[in-house]
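Q: Provided herewith: start-v7.pdb, PDB, C-alpha atoms.
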ATOM      1  CA  MET A   1       0.000   0.000   0.000
ATOM      2  CA  THR A   2       2.871   2.364   0.849
ATOM      3  CA  GLY A   3       4.323   1.838  -2.603
ATOM      4  CA  SER A   4       1.030   2.590  -4.312
ATOM      5  CA  VAL A   5       0.584   5.780  -2.279
ATOM      6  CA  PHE A   6       4.120   6.931  -3.133
ATOM      7  CA  HIS A   7       3.585   6.150  -6.818
ATOM      8  CA  ALA A   8       0.281   8.051  -6.815
ATOM      9  CA  LEU A   9       1.899  11.061  -5.127
ATOM     10  CA  LEU A  10       4.802  11.061  -7.574
ATOM     11  CA  SER A  11       2.526  10.758 -10.597
ATOM     12  CA  PHE A  12       0.254  13.513  -9.317
ATOM     13  CA  ALA A  13       3.265  15.736  -8.562
ATOM     14  CA  LEU A  14       4.364  15.528 -12.187
ATOM     15  CA  VAL A  15       0.949  16.633 -13.423
ATOM     16  CA  ALA A  16       0.473  19.310 -10.737
ATOM     17  CA  GLY A  17       3.979  20.654 -11.345
ATOM     18  CA  LEU A  18       3.155  21.411 -14.955
ATOM     19  CA  ILE A  19      -0.083  23.115 -13.913
ATOM     20  CA  THR A  20       1.740  25.168 -11.259
ATOM     21  CA  ILE A  21       4.187  26.883 -13.609
ATOM     22  CA  ILE A  22       1.516  27.880 -16.133
ATOM     23  CA  PRO A  23       0.896  31.626 -15.591
ATOM     24  CA  GLY A  24      -2.477  32.162 -13.989
ATOM     25  CA  LEU A  25      -4.421  34.042 -11.368
ATOM     26  CA  ASP A  26      -2.378  32.833  -8.364
ATOM     27  CA  THR A  27       0.903  33.733 -10.059
ATOM     28  CA  ALA A  28      -0.375  37.215 -10.924
ATOM     29  CA  VAL A  29      -1.515  37.922  -7.360
ATOM     30  CA  VAL A  30       1.731  36.698  -5.759
ATOM     31  CA  LEU A  31       3.943  38.482  -8.271
ATOM     32  CA  ARG A  32       2.099  41.745  -7.794
ATOM     33  CA  SER A  33       2.459  41.454  -4.020
ATOM     34  CA  ALA A  34       6.196  40.778  -4.361
ATOM     35  CA  LEU A  35       6.851  43.696  -6.691
ATOM     36  CA  VAL A  36       4.619  46.323  -5.096
ATOM     37  CA  LEU A  37       4.296  45.334  -1.437
ATOM     38  CA  GLY A  38       7.386  43.295  -0.572
ATOM     39  CA  ARG A  39       8.544  39.786   0.256
ATOM     40  CA  ARG A  40       6.666  39.368   3.546
ATOM     41  CA  GLN A  41       3.310  40.274   2.015
ATOM     42  CA  ALA A  42       4.054  38.115  -1.026
ATOM     43  CA  PHE A  43       4.844  35.058   1.123
ATOM     44  CA  ALA A  44       1.717  35.720   3.200
ATOM     45  CA  THR A  45      -0.322  35.803  -0.022
ATOM     46  CA  ALA A  46       1.311  32.569  -1.197
ATOM     47  CA  PHE A  47       0.539  30.847   2.128
ATOM     48  CA  GLY A  48      -3.076  31.993   1.843
ATOM     49  CA  ILE A  49      -3.327  30.500  -1.631
ATOM     50  CA  ASN A  50      -1.876  27.220  -0.385
ATOM     51  CA  VAL A  51      -4.299  27.059   2.549
ATOM     52  CA  GLY A  52      -7.130  27.563   0.079
ATOM     53  CA  ALA A  53      -5.775  24.680  -2.010
ATOM     54  CA  LEU A  54      -5.691  22.416   1.053
ATOM     55  CA  VAL A  55      -9.328  23.248   1.794
ATOM     56  CA  TRP A  56     -10.284  22.461  -1.791
ATOM     57  CA  GLY A  57      -8.265  19.231  -1.609
ATOM     58  CA  ALA A  58     -10.065  18.102   1.535
ATOM     59  CA  ALA A  59     -13.431  19.057   0.037
ATOM     60  CA  ALA A  60     -12.774  17.228  -3.212
ATOM     61  CA  ALA A  61     -11.493  14.118  -1.423
ATOM     62  CA  THR A  62     -14.527  13.862   0.851
ATOM     63  CA  GLY A  63     -17.019  14.574  -1.895
ATOM     64  CA  VAL A  64     -18.152  17.913  -0.483
ATOM     65  CA  SER A  65     -17.144  19.814  -3.593
ATOM     66  CA  MET A  66     -19.011  17.295  -5.750
ATOM     67  CA  LEU A  67     -21.905  19.643  -5.086
ATOM     68  CA  LEU A  68     -20.261  22.091  -7.454
ATOM     69  CA  THR A  69     -20.456  19.650 -10.333
ATOM     70  CA  ALA A  70     -23.754  18.009  -9.360
ATOM     71  CA  SER A  71     -25.630  21.240  -8.681
ATOM     72  CA  HIS A  72     -25.568  23.882 -11.380
ATOM     73  CA  ASP A  73     -27.029  26.450  -8.993
ATOM     74  CA  ALA A  74     -24.315  25.867  -6.370
ATOM     75  CA  TYR A  75     -21.559  26.105  -8.968
ATOM     76  CA  THR A  76     -23.097  29.240 -10.460
ATOM     77  CA  ALA A  77     -23.415  30.904  -7.051
ATOM     78  CA  LEU A  78     -19.756  30.289  -6.176
ATOM     79  CA  ARG A  79     -18.673  31.312  -9.658
ATOM     80  CA  VAL A  80     -20.557  34.624  -9.416
ATOM     81  CA  VAL A  81     -19.193  35.364  -5.936
ATOM     82  CA  GLY A  82     -15.675  34.578  -7.139
ATOM     83  CA  ALA A  83     -16.107  36.770 -10.203
ATOM     84  CA  VAL A  84     -17.380  39.682  -8.094
ATOM     85  CA  TYR A  85     -14.406  39.319  -5.737
ATOM     86  CA  LEU A  86     -11.905  39.335  -8.619
ATOM     87  CA  LEU A  87     -13.606  42.307 -10.237
ATOM     88  CA  TRP A  88     -13.616  44.164  -6.914
ATOM     89  CA  MET A  89      -9.864  43.561  -6.465
ATOM     90  CA  GLY A  90      -9.084  44.337 -10.091
ATOM     91  CA  PHE A  91     -11.046  47.590 -10.276
ATOM     92  CA  GLY A  92      -9.559  48.607  -6.915
ATOM     93  CA  MET A  93      -6.063  48.251  -8.346
ATOM     94  CA  LEU A  94      -7.025  50.078 -11.539
ATOM     95  CA  ARG A  95      -8.471  52.913  -9.471
ATOM     96  CA  ALA A  96      -5.304  53.059  -7.342
ATOM     97  CA  ALA A  97      -3.166  53.126 -10.485
ATOM     98  CA  ARG A  98      -5.222  55.979 -11.929
ATOM     99  CA  ARG A  99      -4.939  57.984  -8.718
ATOM    100  CA  GLY A 100      -1.290  57.155  -8.229
ATOM    101  CA  GLU A 101      -1.929  55.541  -4.853
ATOM    102  CA  LEU A 102      -0.557  52.363  -3.322
ATOM    103  CA  HIS A 103      -3.482  49.956  -3.343
ATOM    104  CA  ASP A 104      -3.026  48.771   0.232
ATOM    105  CA  ALA A 105      -1.914  50.371   3.485
ATOM    106  CA  VAL A 106       0.406  47.467   4.197
ATOM    107  CA  VAL A 107       3.541  49.615   4.207
ATOM    108  CA  ARG A 108       2.111  51.755   7.000
ATOM    109  CA  VAL A 109       0.525  48.880   8.930
ATOM    110  CA  PRO A 110       2.823  45.828   8.481
ATOM    111  CA  ASP A 111       0.947  43.404  10.758
ATOM    112  CA  ALA A 112      -2.497  44.217   9.365
ATOM    113  CA  GLY A 113      -0.955  44.077   5.903
ATOM    114  CA  LEU A 114       0.280  40.511   6.413
ATOM    115  CA  GLY A 115      -3.137  39.361   7.547
ATOM    116  CA  ARG A 116      -4.782  41.117   4.638
ATOM    117  CA  ALA A 117      -2.281  39.603   2.210
ATOM    118  CA  PHE A 118      -2.938  36.103   3.591
ATOM    119  CA  LEU A 119      -6.703  36.539   3.306
ATOM    120  CA  ARG A 120      -6.366  37.915  -0.206
ATOM    121  CA  GLY A 121      -4.514  34.771  -1.259
ATOM    122  CA  ALA A 122      -6.923  32.452   0.536
ATOM    123  CA  TRP A 123     -10.082  34.061  -0.849
ATOM    124  CA  THR A 124      -8.605  34.247  -4.352
ATOM    125  CA  ASN A 125      -8.236  30.459  -4.256
ATOM    126  CA  LEU A 126     -11.359  29.528  -2.283
ATOM    127  CA  LEU A 127     -13.678  31.594  -4.475
ATOM    128  CA  ASN A 128     -12.345  30.061  -7.672
ATOM    129  CA  PRO A 129     -14.526  26.998  -8.443
ATOM    130  CA  LYS A 130     -12.104  25.958 -11.178
ATOM    131  CA  VAL A 131      -9.677  24.834  -8.453
ATOM    132  CA  GLY A 132     -12.301  22.507  -6.982
ATOM    133  CA  ALA A 133     -13.285  21.286 -10.436
ATOM    134  CA  PHE A 134      -9.631  20.517 -11.216
ATOM    135  CA  TYR A 135      -9.208  18.470  -8.046
ATOM    136  CA  ILE A 136     -12.492  16.639  -8.586
ATOM    137  CA  ALA A 137     -11.443  15.734 -12.123
ATOM    138  CA  ILE A 138      -7.924  14.585 -11.297
ATOM    139  CA  PHE A 139      -8.038  13.149  -7.756
ATOM    140  CA  PRO A 140      -9.879   9.892  -8.633
ATOM    141  CA  GLN A 141      -6.991   8.937 -10.922
ATOM    142  CA  PHE A 142      -4.555   9.089  -8.010
ATOM    143  CA  MET A 143      -6.594   7.486  -5.205
ATOM    144  CA  PRO A 144      -5.174   4.026  -4.323
ATOM    145  CA  ALA A 145      -7.632   1.456  -3.058
ATOM    146  CA  HIS A 146      -8.088   1.002   0.685
ATOM    147  CA  VAL A 147      -6.660   4.442   1.502
ATOM    148  CA  SER A 148      -8.576   7.157   3.333
ATOM    149  CA  HIS A 149      -9.840   9.571   0.696
ATOM    150  CA  LEU A 150      -9.493  12.514   3.068
ATOM    151  CA  ALA A 151      -5.915  11.627   4.017
ATOM    152  CA  MET A 152      -4.949  10.991   0.398
ATOM    153  CA  GLY A 153      -6.659  14.170  -0.771
ATOM    154  CA  LEU A 154      -4.726  16.200   1.791
ATOM    155  CA  MET A 155      -1.475  14.517   0.741
ATOM    156  CA  LEU A 156      -2.149  15.269  -2.918
ATOM    157  CA  ALA A 157      -3.092  18.865  -2.186
ATOM    158  CA  GLY A 158      -0.063  19.124   0.103
ATOM    159  CA  ALA A 159       2.210  17.953  -2.706
ATOM    160  CA  HIS A 160       0.641  20.544  -4.976
ATOM    161  CA  ASP A 161       1.154  23.188  -2.279
ATOM    162  CA  LEU A 162       4.814  22.238  -1.871
ATOM    163  CA  GLU A 163       5.432  22.623  -5.592
ATOM    164  CA  ALA A 164       3.512  25.893  -5.652
ATOM    165  CA  MET A 165       5.510  27.228  -2.709
ATOM    166  CA  VAL A 166       8.794  26.422  -4.450
ATOM    167  CA  TRP A 167       7.541  28.196  -7.574
ATOM    168  CA  PHE A 168       6.245  31.175  -5.601
ATOM    169  CA  THR A 169       9.555  31.424  -3.725
ATOM    170  CA  VAL A 170      11.467  31.610  -7.003
ATOM    171  CA  LEU A 171       9.099  34.343  -8.221
ATOM    172  CA  ILE A 172       9.216  36.297  -4.959
ATOM    173  CA  LEU A 173      13.000  36.225  -4.568
ATOM    174  CA  GLY A 174      13.490  37.072  -8.220
ATOM    175  CA  ALA A 175      11.020  39.947  -7.969
ATOM    176  CA  HIS A 176      12.720  41.207  -4.800
ATOM    177  CA  ARG A 177      15.979  41.691  -6.683
ATOM    178  CA  ALA A 178      14.166  43.946  -9.135
ATOM    179  CA  ARG A 179      12.050  45.695  -6.524
ATOM    180  CA  GLY A 180      14.289  48.778  -6.426
ATOM    181  CA  TRP A 181      13.194  49.614  -9.938
ATOM    182  CA  PHE A 182       9.593  48.670  -9.236
ATOM    183  CA  ALA A 183       9.597  50.928  -6.163
ATOM    184  CA  LYS A 184       9.368  53.929  -8.474
ATOM    185  CA  ARG A 185       5.939  55.500  -8.233
ATOM    186  CA  ARG A 186       5.114  55.338 -11.919
ATOM    187  CA  VAL A 187       6.204  51.697 -12.128
ATOM    188  CA  LYS A 188       4.009  50.829  -9.126
ATOM    189  CA  ARG A 189       1.099  52.474 -10.898
ATOM    190  CA  ALA A 190       1.852  50.471 -14.043
ATOM    191  CA  MET A 191       2.092  47.234 -12.036
ATOM    192  CA  ASP A 192      -1.238  47.887 -10.357
ATOM    193  CA  ALA A 193      -2.763  48.720 -13.724
ATOM    194  CA  VAL A 194      -1.480  45.516 -15.358
ATOM    195  CA  THR A 195      -2.430  43.264 -12.430
ATOM    196  CA  GLY A 196      -5.803  44.979 -12.079
ATOM    197  CA  ALA A 197      -6.513  44.382 -15.754
ATOM    198  CA  VAL A 198      -5.504  40.714 -15.394
ATOM    199  CA  LEU A 199      -7.822  40.256 -12.396
ATOM    200  CA  VAL A 200     -10.694  41.975 -14.187
ATOM    201  CA  GLY A 201     -10.079  39.703 -17.159
ATOM    202  CA  PHE A 202     -10.184  36.589 -14.957
ATOM    203  CA  GLY A 203     -13.305  37.936 -13.240
ATOM    204  CA  VAL A 204     -15.107  38.524 -16.533
ATOM    205  CA  GLU A 205     -14.050  35.108 -17.823
ATOM    206  CA  LEU A 206     -15.286  33.449 -14.635
ATOM    207  CA  ALA A 207     -18.576  35.367 -14.738
ATOM    208  CA  LEU A 208     -19.247  34.377 -18.349
ATOM    209  CA  ARG A 209     -18.254  30.750 -17.936
ATOM    210  CA  GLY A 210     -21.285  28.499 -18.234
TER
END
Starting from the file, give its structure as structure tokens.
A:
Amino acid sequence: MTGSVFHALLSFALVAGLITIIPGLDTAVVLRSALVLGRRQAFATAFGINVGALVWGAAAATGVSMLLTASHDAYTALRVVGAVYLLWMGFGMLRAARRGELHDAVVRVPDAGLGRAFLRGAWTNLLNPKVGAFYIAIFPQFMPAHVSHLAMGLMLAGAHDLEAMVWFTVLILGAHRARGWFAKRRVKRAMDAVTGAVLVGFGVELALRG
């Protein structure tokens, strides 16, 4: 049984690793945090995203998130809430870029900023039903017989989190080296504008998805 679990984890890690490095919503949010807000906020955002993935993993493994695929109304409700959240974040960044303001007060309130960054990452992941749909679609292929689905789901999601954290760390440390240039006011405005547009785009795509 141990061998089958290890083989399933390794096989899943190969698939999840490829998914992790594809640029997407999580990468955009973490990269923006690293360039505009700093390493601590970026790592807090990354941890929030990973906690959200663990929750989705547990839900998918226990069948809770099956509701999203079985019930069109439930999926639609979460999709709309997620789209509204992304649009709210995106338009907030676009507004900050237009006004020339830093989007968050994290520089002035470091502790509150870390908590806000963590929650931003967590909600970005939890309100994205595509994460749950991905786990629901792929988990059954990597569930050995006679193994607790909850335990295996958490291990699979944990493996995905580990890979994501390595990827996020590379992005954050790389961005930190270039942060001196990005600290310029006009570059911060441009970064907020680009990230805001990306989030709005994801929000619109999520809202229109059937």
Q: Translate the PyMOL selection byres ((chain A and resi 159-162) around 10), as applied to the file shown, into an explicit residue set as a PyMOL selection string.
A: chain A and resi 9-10+12-17+19-20+46-47+49-54+57+153-158+163-168
Q: Could you write out the selected residues, including C-alpha atoms, as an mmCIF file, keeping the file's coordinate frame?
A:
data_model
loop_
_atom_site.group_PDB
_atom_site.id
_atom_site.type_symbol
_atom_site.label_atom_id
_atom_site.label_comp_id
_atom_site.auth_asym_id
_atom_site.auth_seq_id
_atom_site.Cartn_x
_atom_site.Cartn_y
_atom_site.Cartn_z
ATOM 1 C CA LEU A 9 1.899 11.061 -5.127
ATOM 2 C CA LEU A 10 4.802 11.061 -7.574
ATOM 3 C CA PHE A 12 0.254 13.513 -9.317
ATOM 4 C CA ALA A 13 3.265 15.736 -8.562
ATOM 5 C CA LEU A 14 4.364 15.528 -12.187
ATOM 6 C CA VAL A 15 0.949 16.633 -13.423
ATOM 7 C CA ALA A 16 0.473 19.310 -10.737
ATOM 8 C CA GLY A 17 3.979 20.654 -11.345
ATOM 9 C CA ILE A 19 -0.083 23.115 -13.913
ATOM 10 C CA THR A 20 1.740 25.168 -11.259
ATOM 11 C CA ALA A 46 1.311 32.569 -1.197
ATOM 12 C CA PHE A 47 0.539 30.847 2.128
ATOM 13 C CA ILE A 49 -3.327 30.500 -1.631
ATOM 14 C CA ASN A 50 -1.876 27.220 -0.385
ATOM 15 C CA VAL A 51 -4.299 27.059 2.549
ATOM 16 C CA GLY A 52 -7.130 27.563 0.079
ATOM 17 C CA ALA A 53 -5.775 24.680 -2.010
ATOM 18 C CA LEU A 54 -5.691 22.416 1.053
ATOM 19 C CA GLY A 57 -8.265 19.231 -1.609
ATOM 20 C CA GLY A 153 -6.659 14.170 -0.771
ATOM 21 C CA LEU A 154 -4.726 16.200 1.791
ATOM 22 C CA MET A 155 -1.475 14.517 0.741
ATOM 23 C CA LEU A 156 -2.149 15.269 -2.918
ATOM 24 C CA ALA A 157 -3.092 18.865 -2.186
ATOM 25 C CA GLY A 158 -0.063 19.124 0.103
ATOM 26 C CA GLU A 163 5.432 22.623 -5.592
ATOM 27 C CA ALA A 164 3.512 25.893 -5.652
ATOM 28 C CA MET A 165 5.510 27.228 -2.709
ATOM 29 C CA VAL A 166 8.794 26.422 -4.450
ATOM 30 C CA TRP A 167 7.541 28.196 -7.574
ATOM 31 C CA PHE A 168 6.245 31.175 -5.601
#
Q: Go through A:Ser33, A:Thr45, A:Ser4, A:Thr27 and flag the residue nearest Trp123 (chain A), using all atoms listed in the file for the distances.
A: A:Thr45
Q: Starting from the PyMOL selection byres ((chain A and resi 198) around 10), expand the selection into actual residues of this file and give them as a list of chain:residue names.
A: A:Gly24, A:Leu25, A:Ala28, A:Val29, A:Leu86, A:Leu87, A:Gly90, A:Asp192, A:Ala193, A:Val194, A:Thr195, A:Gly196, A:Ala197, A:Leu199, A:Val200, A:Gly201, A:Phe202, A:Gly203, A:Val204
Q: Of the candidates A:Ile138, A:Met93, A:Val170, A:Ala77, which shows the shortest atom-to-atom distance to Ala34 (chain A), using only C-alpha atoms?
A: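 Going through A:Ile138, A:Met93, A:Val170, A:Ala77 one by one, the smallest distance to Ala34 (chain A) is for A:Val170.
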Q: Just to confirm, what's the straight-line distance from CA of Phe142 (chain A) to CA of Asn125 (chain A) in Å (one decimal)?
A: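 Separating CA of Phe142 (chain A) from CA of Asn125 (chain A) is a distance of 22.0 Å.
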Q: So, counting only C-alpha atoms, which residue among A:Val131, A:Leu126, A:Ala8, A:Leu150 is closest to Tyr85 (chain A)?
A: A:Leu126
Q: Select, from A:Ala60, A:Phe43, A:Leu171, A:His146, the residue with the minimum atom-to-atom distance to Ile21 (chain A), counting only C-alpha atoms.
A: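 The shortest atom-to-atom distance to Ile21 (chain A) comes from A:Leu171.
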Q: What is the CA of Ala96 (chain A)-CA of Val36 (chain A) distance in Å, reported with one decimal?
A: 12.2 Å
Q: Could you please give me, as JSON, numbers by chain, the residues of protein, DNA or RNA lying at most 9 Å from (3.7, 38.4, 4.7) in the coordinate frame of the file, considering only C-alpha atoms?
A: {"A": [38, 39, 40, 41, 42, 43, 44, 45, 46, 47, 110, 111, 113, 114, 115, 116, 117, 118]}
